[in-house]
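Participant: Below is the file my_file_3.csv, with CSV, C-alpha atoms.
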chain,number,residue,atom,x,y,z
A,3,MET,CA,47.8,-19.6,-9.0
A,4,LYS,CA,47.8,-19.2,-5.2
A,5,LYS,CA,50.4,-16.5,-5.4
A,6,THR,CA,48.3,-14.4,-7.8
A,7,ILE,CA,45.4,-14.6,-5.5
A,8,MET,CA,47.5,-13.5,-2.6
A,9,ALA,CA,48.9,-10.6,-4.6
A,10,VAL,CA,45.4,-9.5,-5.6
A,11,ALA,CA,44.2,-9.8,-2.1
A,12,ILE,CA,47.1,-7.7,-0.7
A,13,GLY,CA,46.5,-5.2,-3.5
A,14,ALA,CA,42.9,-4.9,-2.5
A,15,VAL,CA,43.7,-4.3,1.2
A,16,ALA,CA,46.3,-1.7,0.3
A,17,LEU,CA,43.7,0.1,-1.8
A,18,THR,CA,40.9,0.0,0.6
A,19,ALA,CA,42.7,0.6,3.9
A,20,PRO,CA,43.3,4.4,3.4
A,21,ASN,CA,39.7,4.8,2.2
A,22,MET,CA,38.4,3.2,5.3
A,23,GLN,CA,40.4,5.5,7.5
A,24,ALA,CA,39.1,8.5,5.6
A,25,MET,CA,35.6,7.2,6.1
A,26,ALA,CA,36.0,6.7,9.8
A,27,SER,CA,37.3,10.2,10.4
A,28,GLU,CA,34.3,11.7,8.7
A,29,ASP,CA,31.2,12.3,10.7
A,30,LEU,CA,29.0,9.6,9.2
A,31,ASN,CA,25.5,10.7,10.0
A,32,PHE,CA,23.6,7.5,9.8
A,33,ASP,CA,20.7,8.7,11.8
A,34,ALA,CA,20.0,11.4,9.2
A,35,TYR,CA,20.3,8.8,6.5
A,36,ARG,CA,17.9,6.5,8.2
A,37,GLN,CA,15.4,9.3,8.7
A,38,MET,CA,15.5,10.2,5.0
A,39,LEU,CA,14.8,6.5,4.2
A,40,ALA,CA,11.9,6.3,6.6
A,41,ASP,CA,10.0,9.0,4.6
A,42,GLY,CA,8.5,7.0,1.8
A,43,ASN,CA,9.3,3.6,3.0
A,44,PRO,CA,8.5,1.3,0.0
A,45,ALA,CA,7.4,-1.4,2.4
A,46,GLU,CA,4.1,0.5,2.1
A,47,LEU,CA,3.7,-1.0,-1.4
A,48,PHE,CA,3.8,-4.5,0.2
A,49,GLU,CA,1.4,-3.4,2.9
A,50,MET,CA,-1.1,-2.3,0.2
A,51,GLU,CA,-0.8,-5.7,-1.5
A,52,GLY,CA,-1.1,-7.4,1.9
A,53,GLU,CA,-4.3,-5.5,2.7
A,54,GLU,CA,-5.8,-6.6,-0.6
A,55,LEU,CA,-4.7,-10.2,0.0
A,56,TRP,CA,-6.3,-10.2,3.4
A,57,ARG,CA,-9.7,-9.2,1.9
A,58,THR,CA,-9.6,-11.3,-1.3
A,59,ALA,CA,-11.2,-14.7,-1.4
A,60,ARG,CA,-8.5,-17.1,-2.5
A,61,GLY,CA,-7.3,-20.7,-2.4
A,62,PRO,CA,-9.2,-24.0,-2.8
A,63,LYS,CA,-11.8,-22.8,-0.3
A,64,ASN,CA,-12.2,-19.4,-2.0
A,65,ALA,CA,-12.2,-17.6,1.3
A,66,THR,CA,-10.7,-14.4,2.7
A,67,LEU,CA,-8.6,-14.1,5.8
A,68,GLU,CA,-11.0,-11.8,7.5
A,69,GLN,CA,-11.8,-14.4,10.1
A,70,CYS,CA,-8.2,-15.1,10.9
A,71,ASP,CA,-7.5,-14.9,14.6
A,72,LEU,CA,-4.1,-13.5,15.2
A,73,GLY,CA,-4.6,-13.8,19.0
A,74,VAL,CA,-6.7,-10.7,19.7
A,75,GLY,CA,-9.9,-11.9,18.2
A,76,ALA,CA,-11.1,-13.2,14.8
A,77,GLY,CA,-10.3,-10.6,12.1
A,78,VAL,CA,-8.6,-8.2,14.5
A,79,VAL,CA,-5.4,-6.8,13.0
A,80,ASP,CA,-4.9,-3.7,15.2
A,81,GLY,CA,-2.2,-4.3,17.7
A,82,ALA,CA,-2.0,-8.1,17.0
A,83,ALA,CA,1.7,-8.1,15.9
A,84,ALA,CA,2.9,-6.4,19.0
A,85,GLN,CA,1.7,-9.4,21.1
A,86,LEU,CA,3.2,-12.1,18.9
A,87,PRO,CA,4.6,-14.7,19.2
A,88,ARG,CA,2.0,-16.2,21.6
A,89,PHE,CA,0.6,-19.5,22.7
A,90,PHE,CA,-2.6,-20.4,20.7
A,91,ALA,CA,-4.9,-22.9,22.4
A,92,ASP,CA,-6.5,-24.0,19.1
A,93,THR,CA,-3.2,-25.3,17.7
A,94,GLY,CA,-1.6,-26.1,21.1
A,95,LYS,CA,1.5,-24.2,19.8
A,96,VAL,CA,3.5,-21.1,20.2
A,97,GLN,CA,3.2,-19.2,16.8
A,98,ASP,CA,4.8,-16.2,15.4
A,99,LEU,CA,3.1,-13.9,12.9
A,100,GLU,CA,4.2,-15.9,9.9
A,101,SER,CA,3.3,-19.3,11.2
A,102,ARG,CA,0.0,-18.0,12.4
A,103,LEU,CA,-0.9,-16.5,9.1
A,104,MET,CA,0.2,-19.8,7.4
A,105,HIS,CA,-2.2,-21.6,9.7
A,106,CYS,CA,-5.0,-19.2,8.7
A,107,MET,CA,-4.2,-19.6,5.0
A,108,GLU,CA,-4.4,-23.4,5.4
A,109,THR,CA,-7.5,-23.6,7.6
A,110,LEU,CA,-9.5,-20.8,6.1
A,111,GLN,CA,-8.4,-20.8,2.5
A,112,GLY,CA,-7.1,-24.4,2.0
A,113,ILE,CA,-3.6,-23.2,1.0
A,114,PRO,CA,-1.3,-26.0,2.1
A,115,SER,CA,1.4,-24.9,4.6
A,116,ALA,CA,3.8,-27.3,3.0
A,117,GLU,CA,3.7,-25.1,-0.1
A,118,ILE,CA,5.0,-22.2,2.0
A,119,ILE,CA,7.4,-24.1,4.1
A,120,ASN,CA,9.0,-25.7,1.0
A,121,GLY,CA,8.8,-22.6,-1.0
A,122,LYS,CA,11.3,-19.7,-1.6
A,123,PHE,CA,11.5,-16.3,0.0
A,124,ARG,CA,9.6,-13.6,-1.9
A,125,GLN,CA,8.1,-16.1,-4.3
A,126,GLY,CA,4.7,-17.8,-4.6
A,127,GLU,CA,2.6,-18.2,-1.5
A,128,ARG,CA,5.6,-17.4,0.7
A,129,GLY,CA,5.9,-14.1,-1.1
A,130,LYS,CA,2.2,-13.4,-0.5
A,131,LEU,CA,2.6,-14.3,3.1
A,132,ALA,CA,5.3,-11.6,3.4
A,133,SER,CA,2.9,-8.9,2.0
A,134,LEU,CA,0.3,-10.0,4.6
A,135,VAL,CA,3.0,-9.6,7.3
A,136,ALA,CA,3.6,-6.1,6.0
A,137,TYR,CA,-0.1,-5.3,6.3
A,138,VAL,CA,-0.4,-6.8,9.8
A,139,VAL,CA,2.7,-5.2,11.4
A,140,THR,CA,1.8,-1.8,10.0
A,141,HIS,CA,-1.2,-1.9,12.4
A,142,SER,CA,1.1,-2.3,15.3
A,143,ASN,CA,3.5,0.4,14.3
A,144,GLY,CA,4.5,2.5,17.3
A,145,LYS,CA,2.9,0.1,19.7
A,146,LYS,CA,4.8,-1.3,22.6
A,147,VAL,CA,6.0,-4.9,22.3
A,148,GLN,CA,3.9,-6.8,24.7
A,149,VAL,CA,4.5,-10.6,24.6
A,150,ASP,CA,2.9,-12.6,27.3
A,151,LEU,CA,5.5,-15.1,28.6
A,152,SER,CA,3.3,-16.5,31.4
A,153,HIS,CA,2.2,-19.7,29.6
A,154,PRO,CA,4.5,-22.7,30.3
A,155,LYS,CA,5.0,-23.3,26.5
A,156,MET,CA,6.0,-19.6,26.1
A,157,LYS,CA,8.5,-20.0,28.9
A,158,GLU,CA,9.8,-23.2,27.3
A,159,MET,CA,10.2,-21.4,23.9
A,160,TYR,CA,12.0,-18.4,25.6
A,161,ASP,CA,14.4,-20.7,27.3
A,162,MET,CA,15.1,-22.6,24.1
A,163,GLY,CA,15.6,-19.4,22.2
A,164,GLU,CA,18.1,-18.2,24.8
A,165,LYS,CA,19.9,-21.5,24.5
A,166,VAL,CA,20.0,-21.3,20.7
A,167,PHE,CA,21.2,-17.7,20.9
A,168,TYR,CA,24.3,-18.6,22.8
A,169,TYR,CA,24.9,-22.0,21.1
A,170,ARG,CA,28.1,-22.1,19.2
A,171,THR,CA,28.1,-24.2,16.0
A,172,GLY,CA,29.1,-24.2,12.4
A,173,ALA,CA,32.3,-23.9,10.5
A,174,MET,CA,33.3,-20.7,12.4
A,175,ASP,CA,32.0,-21.9,15.8
A,176,PHE,CA,29.8,-18.8,16.0
A,177,SER,CA,26.7,-18.2,18.0
A,178,CYS,CA,24.2,-15.4,17.5
A,179,ALA,CA,26.0,-13.8,20.5
A,180,SER,CA,29.3,-13.7,18.6
A,181,CYS,CA,27.9,-10.9,16.4
A,182,HIS,CA,25.1,-9.5,18.6
A,183,SER,CA,26.5,-9.1,22.2
A,184,GLN,CA,28.4,-5.8,22.0
A,185,ASP,CA,27.1,-2.3,22.1
A,186,GLY,CA,27.8,0.3,19.4
A,187,LYS,CA,28.7,-2.0,16.5
A,188,ARG,CA,27.5,-1.5,13.1
A,189,ILE,CA,27.9,-3.1,9.7
A,190,ARG,CA,27.6,-0.8,6.7
A,191,ALA,CA,24.6,1.4,7.6
A,192,THR,CA,22.9,-1.2,9.8
A,193,GLN,CA,23.4,-1.0,13.5
A,194,LEU,CA,24.2,-4.4,15.0
A,195,PRO,CA,22.1,-4.4,18.2
A,196,ASN,CA,23.3,-6.0,21.4
A,197,ILE,CA,20.6,-8.5,21.7
A,198,THR,CA,21.7,-9.6,25.1
A,199,THR,CA,20.2,-6.4,26.4
A,200,SER,CA,16.5,-5.5,26.4
A,201,LYS,CA,17.0,-2.3,24.4
A,202,GLY,CA,19.1,-4.2,21.8
A,203,ALA,CA,16.7,-7.0,21.6
A,204,ALA,CA,13.9,-4.5,21.0
A,205,GLU,CA,15.9,-2.7,18.4
A,206,GLY,CA,16.4,-5.9,16.4
A,207,TRP,CA,12.9,-7.4,17.0
A,208,GLY,CA,11.1,-4.1,16.6
A,209,SER,CA,12.6,-3.0,13.3
A,210,TRP,CA,12.0,-6.1,11.2
A,211,PRO,CA,10.2,-6.9,8.9
A,212,ALA,CA,11.8,-4.3,6.8
A,213,TYR,CA,12.3,-3.0,3.3
A,214,ARG,CA,16.0,-3.1,2.3
A,215,VAL,CA,16.9,-0.3,0.0
A,216,SER,CA,20.1,-2.0,-1.1
A,217,ASN,CA,18.3,-4.7,-2.9
A,218,SER,CA,14.7,-3.3,-3.0
A,219,GLN,CA,13.4,-6.3,-1.1
A,220,PHE,CA,10.9,-6.7,1.7
A,221,TRP,CA,12.2,-9.1,4.3
A,222,THR,CA,10.1,-10.7,7.1
A,223,MET,CA,11.7,-11.7,10.5
A,224,GLN,CA,11.8,-15.3,9.3
A,225,HIS,CA,13.9,-14.1,6.3
A,226,ARG,CA,16.1,-12.0,8.6
A,227,LEU,CA,16.7,-15.0,10.9
A,228,TRP,CA,17.4,-17.4,7.9
A,229,ASP,CA,20.0,-14.9,6.7
A,230,CYS,CA,21.7,-14.8,10.1
A,231,PHE,CA,21.9,-18.6,10.3
A,232,ARG,CA,23.6,-18.3,6.9
A,233,GLN,CA,26.0,-15.6,8.3
A,234,GLN,CA,26.6,-17.9,11.2
A,235,ARG,CA,27.7,-20.5,8.6
A,236,THR,CA,25.3,-23.1,10.0
A,237,ALA,CA,22.4,-25.2,8.7
A,238,GLU,CA,19.5,-23.3,7.2
A,239,PRO,CA,16.5,-23.3,9.5
A,240,VAL,CA,13.3,-24.7,8.2
A,241,PHE,CA,10.7,-21.9,7.5
A,242,ALA,CA,8.6,-21.2,10.6
A,243,SER,CA,10.3,-24.1,12.5
A,244,ASP,CA,10.4,-24.2,16.3
A,245,VAL,CA,14.0,-22.9,16.5
A,246,THR,CA,13.0,-19.7,14.5
A,247,ILE,CA,10.0,-19.2,16.7
A,248,ALA,CA,12.0,-19.8,19.9
A,249,LEU,CA,14.6,-17.2,18.9
A,250,SER,CA,11.7,-14.8,18.1
A,251,VAL,CA,10.1,-15.4,21.6
A,252,PHE,CA,13.5,-14.8,23.2
A,253,MET,CA,14.0,-11.5,21.3
A,254,ALA,CA,10.5,-10.2,21.6
A,255,GLY,CA,10.2,-11.3,25.3
A,256,LYS,CA,13.5,-9.5,26.1
A,257,GLY,CA,12.3,-6.5,24.1
A,258,ASN,CA,9.0,-6.2,25.9
A,259,GLY,CA,7.9,-2.7,26.7
A,260,TYR,CA,9.8,-1.0,23.8
A,261,GLU,CA,8.1,0.6,20.8
A,262,ALA,CA,8.0,-1.2,17.5
A,263,VAL,CA,8.9,0.6,14.3
A,264,TRP,CA,7.0,-1.5,11.8
A,265,PRO,CA,7.7,-2.1,9.0
A,266,GLY,CA,11.3,-1.0,9.2
A,267,VAL,CA,13.5,0.3,6.5
A,268,LYS,CA,17.1,-0.7,6.2
A,269,ARG,CA,20.2,-0.3,4.2
B,28,MET,CA,-0.8,-4.7,-15.1
B,29,ALA,CA,1.2,-2.4,-13.0
B,30,ASN,CA,0.6,-2.2,-9.2
B,31,PRO,CA,-1.0,1.0,-7.7
B,32,MET,CA,1.0,3.9,-6.5
B,33,ARG,CA,0.6,5.3,-3.0
B,34,ILE,CA,0.0,9.0,-3.1
B,35,ARG,CA,-0.4,11.5,-0.3
B,36,ALA,CA,-1.1,15.2,-0.8
B,37,ALA,CA,-1.4,17.7,2.0
B,38,ALA,CA,-2.1,21.4,1.7
B,39,LYS,CA,-0.6,23.9,4.2
B,40,ASP,CA,-0.3,27.7,4.0
B,41,GLY,CA,-1.1,27.8,0.3
B,42,VAL,CA,1.4,25.1,-0.7
B,43,THR,CA,0.6,21.4,-1.4
B,44,GLU,CA,3.1,18.8,-0.7
B,45,VAL,CA,2.7,15.6,-2.7
B,46,ARG,CA,4.5,12.3,-1.9
B,47,VAL,CA,4.3,9.5,-4.4
B,48,LEU,CA,5.6,5.9,-4.0
B,49,MET,CA,5.6,3.9,-7.2
B,50,SER,CA,5.8,0.2,-7.6
B,51,HIS,CA,8.2,-0.5,-10.4
B,52,VAL,CA,11.2,-2.8,-11.1
B,53,MET,CA,13.2,0.1,-12.7
B,54,GLU,CA,15.4,-2.5,-14.4
B,55,THR,CA,18.4,-0.7,-16.0
B,56,GLY,CA,19.1,-3.2,-18.8
B,57,GLN,CA,22.7,-3.4,-17.6
B,58,ARG,CA,22.3,-6.3,-15.2
B,59,LYS,CA,22.5,-10.0,-15.9
B,60,ASP,CA,20.6,-12.8,-14.2
B,61,SER,CA,22.2,-15.9,-12.6
B,62,SER,CA,22.5,-17.6,-16.0
B,63,GLY,CA,24.3,-14.7,-17.5
B,64,ALA,CA,21.4,-13.4,-19.7
B,65,VAL,CA,20.9,-9.7,-19.8
B,66,ILE,CA,17.8,-8.6,-17.9
B,67,PRO,CA,15.9,-6.4,-20.3
B,68,ALA,CA,15.6,-2.7,-19.5
B,69,HIS,CA,12.3,-1.8,-18.0
B,70,PHE,CA,11.9,1.6,-16.4
B,71,ILE,CA,9.6,4.5,-16.1
B,72,THR,CA,10.3,7.2,-18.7
B,73,GLU,CA,7.8,9.9,-18.0
B,74,LEU,CA,5.8,11.0,-15.1
B,75,THR,CA,3.1,13.7,-14.9
B,76,ALA,CA,1.3,15.1,-12.0
B,77,LYS,CA,-1.8,17.2,-12.3
B,78,HIS,CA,-3.6,19.4,-9.8
B,79,ASN,CA,-7.3,19.1,-10.9
B,80,ASP,CA,-6.6,19.4,-14.6
B,81,LYS,CA,-3.5,21.5,-14.6
B,82,VAL,CA,-0.1,19.9,-15.0
B,83,VAL,CA,2.1,20.9,-12.0
B,84,LEU,CA,5.0,18.5,-12.6
B,85,SER,CA,6.3,16.8,-15.6
B,86,ALA,CA,9.4,14.7,-15.2
B,87,GLN,CA,11.6,12.4,-17.3
B,88,PHE,CA,12.8,9.3,-15.5
B,89,GLY,CA,15.5,7.0,-16.5
B,90,PRO,CA,17.4,3.8,-15.5
B,91,SER,CA,19.4,5.6,-12.7
B,92,VAL,CA,16.2,5.9,-10.6
B,93,SER,CA,15.9,3.1,-7.9
B,94,THR,CA,13.4,0.3,-7.8
B,95,ASN,CA,10.1,1.4,-6.3
B,96,PRO,CA,10.8,5.1,-6.8
B,97,TYR,CA,9.8,7.7,-4.2
B,98,LEU,CA,9.1,11.2,-5.3
B,99,ALA,CA,8.2,14.2,-3.2
B,100,PHE,CA,7.4,17.7,-4.5
B,101,LYS,CA,5.5,20.8,-3.7
B,102,PHE,CA,3.3,23.1,-5.8
B,103,ASN,CA,1.7,26.5,-5.1
B,104,GLY,CA,-2.0,26.4,-4.4
B,105,GLY,CA,-4.2,23.5,-3.8
B,106,ALA,CA,-6.9,23.1,-1.2
B,107,LYS,CA,-8.4,20.3,0.8
B,108,GLY,CA,-10.5,18.1,-1.4
B,109,ASP,CA,-8.8,19.0,-4.6
B,110,LYS,CA,-7.7,16.2,-6.9
B,111,VAL,CA,-4.1,15.3,-7.5
B,112,VAL,CA,-3.6,12.8,-10.4
B,113,VAL,CA,-0.2,11.1,-11.0
B,114,SER,CA,0.6,9.1,-14.1
B,115,TRP,CA,3.6,7.3,-15.4
B,116,VAL,CA,4.6,5.6,-18.6
B,117,ASP,CA,7.5,3.1,-19.0
B,118,ASN,CA,9.7,2.1,-21.8
B,119,LYS,CA,7.5,-0.9,-22.6
B,120,GLY,CA,4.4,1.2,-23.0
B,121,ASP,CA,3.0,0.1,-19.7
B,122,SER,CA,1.3,2.9,-17.7
B,123,ARG,CA,-0.4,3.6,-14.5
B,124,THR,CA,-2.6,6.5,-13.2
B,125,ASP,CA,-3.7,7.0,-9.7
B,126,GLU,CA,-5.4,9.9,-7.9
B,127,VAL,CA,-5.9,11.2,-4.4
B,128,GLN,CA,-7.7,14.0,-2.7
B,129,VAL,CA,-5.7,16.7,-1.0
B,130,ALA,CA,-5.9,16.4,2.7
Would you mind writing the structure in this file as structure tokens?
Facilitator:
Amino acid sequence: MKKTIMAVAIGAVALTAPNMQAMASEDLNFDAYRQMLADGNPAELFEMEGEELWRTARGPKNATLEQCDLGVGAGVVDGAAAQLPRFFADTGKVQDLESRLMHCMETLQGIPSAEIINGKFRQGERGKLASLVAYVVTHSNGKKVQVDLSHPKMKEMYDMGEKVFYYRTGAMDFSCASCHSQDGKRIRATQLPNITTSKGAAEGWGSWPAYRVSNSQFWTMQHRLWDCFRQQRTAEPVFASDVTIALSVFMAGKGNGYEAVWPGVKR
Amino acid sequence: MANPMRIRAAAKDGVTEVRVLMSHVMETGQRKDSSGAVIPAHFITELTAKHNDKVVLSAQFGPSVSTNPYLAFKFNGGAKGDKVVVSWVDNKGDSRTDEVQVA
């Protein structure tokens, strides 16, 4: 049995290797491809749904989210995402966009956070949360990332995020840095940013959430991070847990000053 | 009921460019779900675009078109404030019509 598998594997390598060489010698114009994708980014469909959700009275309390304070005043959406994550005095916590929206859904609408935390990506209330994310980030498109790291809790989260980023673990002993600390790498049509630099951190942070054309799905940053933990072959992070927010503070803080392209569109 | 389309129409130098983003699964009928059952075909079959009341584009769609299709086209004429109406019908008889004013 093992022998057959080996033979098949070798066969596959032999078949693909020449192809890959042919591909590499061509001028693969990924920028043009990405530009074509950006015209008519289907993330807009999620944004439309999110806008509707923001204004619709829902949940046990039958309320809208129009009084939700994303950090720049109750109900203000414009530019809010560019300044997240941030420290919120009312919760005493550092929150990213998703955890903050979850807080608003719970306090204003009575939708229990546990339902979202224990839910599945793209389904139920967690799915609705993603559409709300699409709506909110669209109103920070083209804005400069401006995360205020001055609060001690923000500093704490940044340091924790940095530590997690370089922390090697899992079956392969990978850290985030194993895959994200070199320039000019790409996988398929997605550039793998060098997140140890400010520019690279901004490229990663400022281009998610994104619509993925390969599977027609809209993914938030929480979803992106969850998948990278999976790629790292380590334990799945709990939705909106401190470790995910710490990594977000680290990336956003490092990427401060660069323009966000929200929502993104990816392979 | 089907979700709304997002339509943009802009007139420039006597030509109107229309860009339409549709919300549709565009399921081919060739895929199986995780339990091995065939996912039934569900895709847009026809699309019509009208400028005021005149048909300017009529298209047949099929299972090779991606999920959430994006369509861009131009037609001669059209002025600011004119109406552009886009409709589609799918193989299950579901349909959707949305309109926009030319900008």
Participant: Compile the residues of chain B that lie within 9 Å of chain A, evaluated using all atoms listed in the file, and express the compilation as a list of chain:residue names.
Facilitator: B:Asn30, B:Pro31, B:Met32, B:Arg33, B:Arg46, B:Val47, B:Leu48, B:Met49, B:Ser50, B:Val52, B:Ser93, B:Thr94, B:Asn95, B:Pro96, B:Tyr97, B:Leu98, B:Ala99
Participant: Range 87-92 of chain B: which residues within 10 Å, counting all atoms listed in the file, same-chain residues fewer than 4 positions away excluded, as a list of chain:residue names?
Facilitator: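 Here the qualifying residues turn out to be B:Met53, B:Glu54, B:Thr55, B:Gly56, B:Gln57, B:Ala68, B:His69, B:Phe70, B:Ile71, B:Thr72, B:Glu73, B:Leu74, B:Thr75, B:Pro96, B:Tyr97, B:Trp115, B:Val116, B:Asp117, B:Asn118.
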Participant: Excluding Thr66 in chain A and any residue of its chain fewer than 3 positions from it, enumerate the residues within 10 Å of it, using all atoms listed in the file, and give them as a list in words.
Facilitator: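 Near Thr66 in chain A, the qualifying residues are Glu54, Leu55, Trp56, Arg57, Thr58, Ala59, Arg60, Gly61, Lys63, Gln69, Cys70, Cys106, Met107, Leu110 and Gln111 of chain A.
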Participant: Can you tell me how far CA of Thr140 in chain A sits from CA of Pro265 in chain A, in Å to one decimal?
Facilitator: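 Atom-to-atom, CA of Thr140 in chain A to CA of Pro265 in chain A, that is 6.0 Å.
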Participant: Work out how far CA of Gly120 in chain B is from CA of Asn79 in chain B, in Å to one decimal.
Facilitator: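 Computing the Euclidean distance for CA of Asn79 in chain B and CA of Gly120 in chain B yields 24.6 Å.
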Participant: From the structure just shown, export range 90-102 of chain B with N, CA, C and O atoms as a compact mmCIF listing (two decimals), in the first residue's frame.
Facilitator:
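And here is the file that came out, selection27.txt:
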# COMPACT_ATOMS: atom_id res chain seq x y z
N PRO B 90 -24.34 27.63 -15.86
CA PRO B 90 -23.63 27.17 -14.67
C PRO B 90 -22.14 27.50 -14.67
O PRO B 90 -21.49 27.33 -13.65
N SER B 91 -21.60 27.98 -15.78
CA SER B 91 -20.16 28.29 -15.77
C SER B 91 -19.88 29.68 -15.22
O SER B 91 -18.72 30.06 -15.04
N VAL B 92 -20.92 30.43 -14.94
CA VAL B 92 -20.72 31.78 -14.38
C VAL B 92 -20.54 31.67 -12.86
O VAL B 92 -21.21 30.87 -12.21
N SER B 93 -19.62 32.46 -12.33
CA SER B 93 -19.26 32.34 -10.91
C SER B 93 -20.38 32.73 -9.96
O SER B 93 -21.34 33.39 -10.35
N THR B 94 -20.22 32.34 -8.73
CA THR B 94 -21.09 32.80 -7.64
C THR B 94 -21.02 34.33 -7.59
O THR B 94 -19.96 34.90 -7.86
N ASN B 95 -22.11 34.96 -7.22
CA ASN B 95 -22.17 36.42 -7.13
C ASN B 95 -21.63 37.09 -8.39
O ASN B 95 -20.62 37.81 -8.35
N PRO B 96 -22.27 36.87 -9.52
CA PRO B 96 -21.72 37.36 -10.80
C PRO B 96 -21.61 38.88 -10.88
O PRO B 96 -22.43 39.61 -10.31
N TYR B 97 -20.59 39.30 -11.60
CA TYR B 97 -20.36 40.70 -11.86
C TYR B 97 -20.43 40.89 -13.37
O TYR B 97 -19.82 40.13 -14.12
N LEU B 98 -21.20 41.87 -13.79
CA LEU B 98 -21.37 42.11 -15.23
C LEU B 98 -21.18 43.60 -15.50
O LEU B 98 -21.78 44.44 -14.82
N ALA B 99 -20.36 43.93 -16.48
CA ALA B 99 -20.20 45.33 -16.88
C ALA B 99 -20.42 45.42 -18.37
O ALA B 99 -19.96 44.58 -19.13
N PHE B 100 -21.17 46.41 -18.79
CA PHE B 100 -21.39 46.62 -20.23
C PHE B 100 -21.68 48.09 -20.49
O PHE B 100 -21.94 48.87 -19.57
N LYS B 101 -21.62 48.45 -21.79
CA LYS B 101 -21.89 49.83 -22.19
C LYS B 101 -22.97 49.85 -23.24
O LYS B 101 -23.07 48.91 -24.03
N PHE B 102 -23.76 50.89 -23.25
CA PHE B 102 -24.69 51.07 -24.38
C PHE B 102 -24.63 52.52 -24.85
O PHE B 102 -24.25 53.42 -24.09
